[in-house]
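Q: You'll find start06.cif just under this line, and it carries mmCIF, C-alpha atoms.
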data_coords
loop_
_atom_site.group_PDB
_atom_site.id
_atom_site.type_symbol
_atom_site.label_atom_id
_atom_site.label_comp_id
_atom_site.auth_asym_id
_atom_site.auth_seq_id
_atom_site.Cartn_x
_atom_site.Cartn_y
_atom_site.Cartn_z
ATOM 1 C CA ASN G 1 152.456 113.969 -205.183
ATOM 2 C CA LEU G 2 151.700 111.242 -207.707
ATOM 3 C CA LEU G 3 148.734 110.041 -205.657
ATOM 4 C CA GLN G 4 147.250 113.566 -205.701
ATOM 5 C CA ALA G 5 148.147 114.362 -209.308
ATOM 6 C CA ALA G 6 146.940 111.147 -210.939
ATOM 7 C CA PRO G 7 143.246 110.497 -210.390
ATOM 8 C CA LYS G 8 143.603 107.113 -212.136
ATOM 9 C CA LEU G 9 146.503 104.685 -211.846
ATOM 10 C CA ASP G 10 146.694 101.110 -213.094
ATOM 11 C CA ALA G 11 149.962 100.095 -211.478
ATOM 12 C CA LEU G 12 152.781 101.548 -209.424
ATOM 13 C CA TRP G 13 156.391 100.318 -209.282
ATOM 14 C CA ASN G 14 158.354 100.961 -206.111
ATOM 15 C CA HIS G 15 162.022 100.084 -206.479
ATOM 16 C CA ASP G 16 162.753 99.326 -202.813
ATOM 17 C CA ASP G 17 160.625 97.456 -200.270
ATOM 18 C CA ASP G 18 162.089 99.420 -197.338
ATOM 19 C CA GLN G 19 160.991 102.640 -199.020
ATOM 20 C CA GLY G 20 157.731 100.876 -199.874
ATOM 21 C CA ILE G 21 156.683 100.947 -196.237
ATOM 22 C CA GLY G 22 156.433 104.742 -196.508
ATOM 23 C CA VAL G 23 154.775 104.456 -199.912
ATOM 24 C CA MET G 24 152.173 102.093 -198.450
ATOM 25 C CA ALA G 25 151.508 104.597 -195.639
ATOM 26 C CA ALA G 26 151.001 107.370 -198.218
ATOM 27 C CA ILE G 27 148.643 105.150 -200.237
ATOM 28 C CA SER G 28 146.655 104.374 -197.106
ATOM 29 C CA ALA G 29 146.513 108.060 -196.089
ATOM 30 C CA ALA G 30 145.276 108.942 -199.578
ATOM 31 C CA ASN G 31 142.670 106.180 -199.285
ATOM 32 C CA ARG G 32 143.676 104.754 -202.677
ATOM 33 C CA LYS G 33 143.120 101.114 -203.624
ATOM 34 C CA ASP G 34 142.367 101.538 -207.316
ATOM 35 C CA PHE G 35 145.688 100.140 -208.597
ATOM 36 C CA ILE G 36 148.269 97.449 -207.905
ATOM 37 C CA MET G 37 151.821 97.961 -206.684
ATOM 38 C CA VAL G 38 154.924 95.889 -207.352
ATOM 39 C CA GLY G 39 158.116 96.407 -205.381
ATOM 40 C CA GLY G 40 161.661 95.246 -205.325
ATOM 41 C CA ALA G 41 163.995 93.773 -202.700
ATOM 42 C CA GLY G 42 162.061 91.083 -200.835
ATOM 43 C CA SER G 43 161.479 92.481 -197.363
ATOM 44 C CA ARG G 44 159.555 90.352 -194.883
ATOM 45 C CA ASN G 45 157.097 93.240 -194.396
ATOM 46 C CA MET G 46 156.145 93.249 -198.074
ATOM 47 C CA ILE G 47 156.130 89.462 -198.420
ATOM 48 C CA ASP G 48 153.726 89.279 -195.456
ATOM 49 C CA LYS G 49 151.485 91.908 -197.109
ATOM 50 C CA ILE G 50 151.610 90.009 -200.399
ATOM 51 C CA LYS G 51 150.639 86.754 -198.618
ATOM 52 C CA ALA G 52 147.722 88.499 -196.861
ATOM 53 C CA ASP G 53 146.519 89.850 -200.231
ATOM 54 C CA ASN G 54 144.496 92.634 -198.649
ATOM 55 C CA ASP G 55 146.345 95.692 -199.971
ATOM 56 C CA VAL G 56 147.615 97.137 -203.260
ATOM 57 C CA ILE G 57 151.011 95.392 -203.034
ATOM 58 C CA LYS G 58 150.770 92.254 -205.193
ATOM 59 C CA ALA G 59 154.380 91.273 -205.890
ATOM 60 C CA THR G 60 158.011 92.017 -205.168
ATOM 61 C CA VAL G 61 161.107 91.133 -207.154
ATOM 62 C CA LEU G 62 163.836 89.639 -204.977
ATOM 63 C CA TYR G 63 167.350 90.875 -204.911
ATOM 64 C CA SER G 64 168.938 87.504 -205.467
ATOM 65 C CA PRO G 65 169.932 85.969 -202.113
ATOM 66 C CA SER G 66 173.072 84.710 -203.819
ATOM 67 C CA MET G 67 174.238 88.201 -204.853
ATOM 68 C CA SER G 68 176.529 88.777 -201.877
ATOM 69 C CA ALA G 69 178.010 85.295 -201.944
ATOM 70 C CA THR G 70 178.572 85.513 -205.695
ATOM 71 C CA ALA G 71 180.178 88.958 -205.386
ATOM 72 C CA ILE G 72 182.569 87.687 -202.698
ATOM 73 C CA SER G 73 183.506 84.671 -204.819
ATOM 74 C CA LEU G 74 184.130 86.867 -207.856
ATOM 75 C CA ALA G 75 186.224 89.303 -205.800
ATOM 76 C CA ARG G 76 188.348 86.380 -204.554
ATOM 77 C CA LEU G 77 188.860 85.132 -208.109
ATOM 78 C CA LEU G 78 189.787 88.640 -209.280
ATOM 79 C CA GLY G 79 192.266 88.973 -206.418
ATOM 80 C CA GLN G 80 193.842 85.646 -207.388
ATOM 81 C CA ALA G 81 193.874 86.630 -211.089
ATOM 82 C CA LYS G 82 191.766 83.561 -211.932
ATOM 83 C CA GLY G 83 188.826 82.986 -214.229
ATOM 84 C CA LEU G 84 185.692 80.955 -213.668
ATOM 85 C CA GLY G 85 186.688 77.296 -213.678
ATOM 86 C CA ASP G 86 183.364 75.919 -214.886
ATOM 87 C CA LEU G 87 183.114 78.323 -217.825
ATOM 88 C CA ALA G 88 185.253 78.360 -220.938
ATOM 89 C CA GLU G 89 186.585 81.813 -220.104
ATOM 90 C CA HIS G 90 190.144 82.948 -219.463
ATOM 91 C CA GLU G 91 188.966 85.633 -217.090
ATOM 92 C CA ILE G 92 185.859 86.702 -215.208
ATOM 93 C CA PRO G 93 183.191 87.982 -217.617
ATOM 94 C CA ALA G 94 182.444 91.713 -217.484
ATOM 95 C CA SER G 95 178.788 91.011 -216.721
ATOM 96 C CA ILE G 96 177.016 88.219 -214.845
ATOM 97 C CA THR G 97 173.250 88.063 -214.321
ATOM 98 C CA THR G 98 171.847 86.028 -211.440
ATOM 99 C CA TYR G 99 168.269 84.831 -211.103
ATOM 100 C CA SER G 100 165.821 87.164 -209.364
ATOM 101 C CA ALA G 101 162.497 85.605 -208.369
ATOM 102 C CA VAL G 102 159.132 87.343 -208.551
ATOM 103 C CA VAL G 103 157.250 86.814 -205.268
ATOM 104 C CA THR G 104 153.444 86.690 -205.463
ATOM 105 C CA LYS G 105 150.751 85.416 -203.086
ATOM 106 C CA GLU G 106 151.048 81.999 -204.741
ATOM 107 C CA ASN G 107 154.740 81.525 -203.824
ATOM 108 C CA ALA G 108 155.338 84.025 -200.993
ATOM 109 C CA ALA G 109 155.578 81.342 -198.303
ATOM 110 C CA SER G 110 158.446 79.627 -200.105
ATOM 111 C CA TYR G 111 160.537 82.831 -200.118
ATOM 112 C CA ALA G 112 159.952 83.880 -196.500
ATOM 113 C CA ASP G 113 163.234 82.248 -195.437
ATOM 114 C CA VAL G 114 165.300 84.661 -197.588
ATOM 115 C CA ALA G 115 163.334 87.796 -196.683
ATOM 116 C CA PHE G 116 164.925 90.545 -194.618
ATOM 117 C CA ASP G 117 163.360 92.654 -191.876
ATOM 118 C CA SER G 118 162.889 96.324 -192.676
#
I need this file expressed as structure tokens, please.
A:
Amino acid sequence: NLLQAAPKLDALWNHDDDQGIGVMAAISAANRKDFIMVGGAGSRNMIDKIKADNDVIKATVLYSPSMSATAISLARLLGQAKGLGDLAEHEIPASITTYSAVVTKENAASYADVAFDS
């Protein structure tokens, strides 16, 4: 509906690259190329489109590849009632932020190894 309702767009954010496949199909069906799109997740499909640089998708923000491993490590530490040994904390902090890369055509090839297939 947004593509029909908004005659002019500058940019579009799509929060999930898997969902973005359908969004890209809708953009193509509407014959719109007057804006850029940025997504999130880091799917191989979107990274390949970003590398090709022939569509509205220009970047995606990776879900950190270390998220799962970090979550498992933190769960183990919680289960053992331990803190984080390398930090000066008595317990696991309530919030931890991990790095999330922005993938563009300039660096897409270097992130292909952590991409997932949709």
Q: Of the residues G:Ala5, G:Val102, G:Ile96, G:Val114, which is the one nearest to Thr70 (chain G), using all atoms listed in the file?
A: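 Ranked by minimum distance to Thr70 (chain G), first place goes to G:Ile96.
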Q: Which is closer to Ala101 (chain G) than all the others in G:Leu84, G:Ala41, G:Ser68, G:Met46, using only C-alpha atoms?
A: G:Ala41
Q: What does the distance from CA of Phe35 (chain G) to CA of Ala59 (chain G) come to in Å, to one decimal?
A: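 Between CA of Phe35 (chain G) and CA of Ala59 (chain G) the gap works out to 12.7 Å.
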Q: Nearest to Thr97 (chain G): which of G:Val38, G:Ala71, G:Ala6, G:Leu78 is it, counting only C-alpha atoms?
A: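 Of all the options, G:Ala71 lies closest to Thr97 (chain G).
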Q: Taking only C-alpha atoms into account, name the residue in G:Lys82, G:His90, G:Arg76, G:Lys58 that is nearest to Lys105 (chain G).
A: G:Lys58
Q: What is the CA of Ser43 (chain G) to CA of Ala94 (chain G) distance in Å?
A: 29.1 Å
Q: Which residue out of G:Phe116, G:Thr98, G:Gly40, G:Ile57 has the minimum interatomic distance to Gln19 (chain G) when only C-alpha atoms are used?
A: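 Closest residue, counting only C-alpha atoms: G:Gly40.
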Q: With the PyMOL selection byres ((chain G and resi 3) around 10) as the selection, what would be picked from this file? Answer as an NGL selection string, please.
A: :G and (1-2 or 4-9 or 26-27 or 30-32)
Q: Store the residues picked out above in a file with C-alpha atoms, as an mmCIF file, keeping the file's coordinate frame.
A:
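selection_10.cif, freshly written:
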data_model
loop_
_atom_site.group_PDB
_atom_site.id
_atom_site.type_symbol
_atom_site.label_atom_id
_atom_site.label_comp_id
_atom_site.auth_asym_id
_atom_site.auth_seq_id
_atom_site.Cartn_x
_atom_site.Cartn_y
_atom_site.Cartn_z
ATOM 1 C CA ASN G 1 152.456 113.969 -205.183
ATOM 2 C CA LEU G 2 151.700 111.242 -207.707
ATOM 3 C CA GLN G 4 147.250 113.566 -205.701
ATOM 4 C CA ALA G 5 148.147 114.362 -209.308
ATOM 5 C CA ALA G 6 146.940 111.147 -210.939
ATOM 6 C CA PRO G 7 143.246 110.497 -210.390
ATOM 7 C CA LYS G 8 143.603 107.113 -212.136
ATOM 8 C CA LEU G 9 146.503 104.685 -211.846
ATOM 9 C CA ALA G 26 151.001 107.370 -198.218
ATOM 10 C CA ILE G 27 148.643 105.150 -200.237
ATOM 11 C CA ALA G 30 145.276 108.942 -199.578
ATOM 12 C CA ASN G 31 142.670 106.180 -199.285
ATOM 13 C CA ARG G 32 143.676 104.754 -202.677
#
Q: Could you work out how far CA of Ser100 (chain G) lies from CA of Lys49 (chain G), giving the answer in Å with one decimal?
A: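 Between these atoms lies a distance of 19.4 Å.
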Q: Which is closer to Met37 (chain G) than all the others in G:Thr104, G:Gly79, G:Glu91, G:Tyr63, using only C-alpha atoms?
A: G:Thr104
Q: Find the spatial neighbours of Asp117 (chain G), counting all atoms listed in the file, within a cut-off of 12 Å - ignore same-chain residues fewer than 5 positions away - and output them as a PyMOL selection string.
A: chain G and resi 17-18+21+41-48+112
Q: Just say which residues the PyMOL selection byres ((chain G and resi 13) around 7) picks in this file, as a PyMOL selection string.
A: chain G and resi 11-12+14-15+37-39
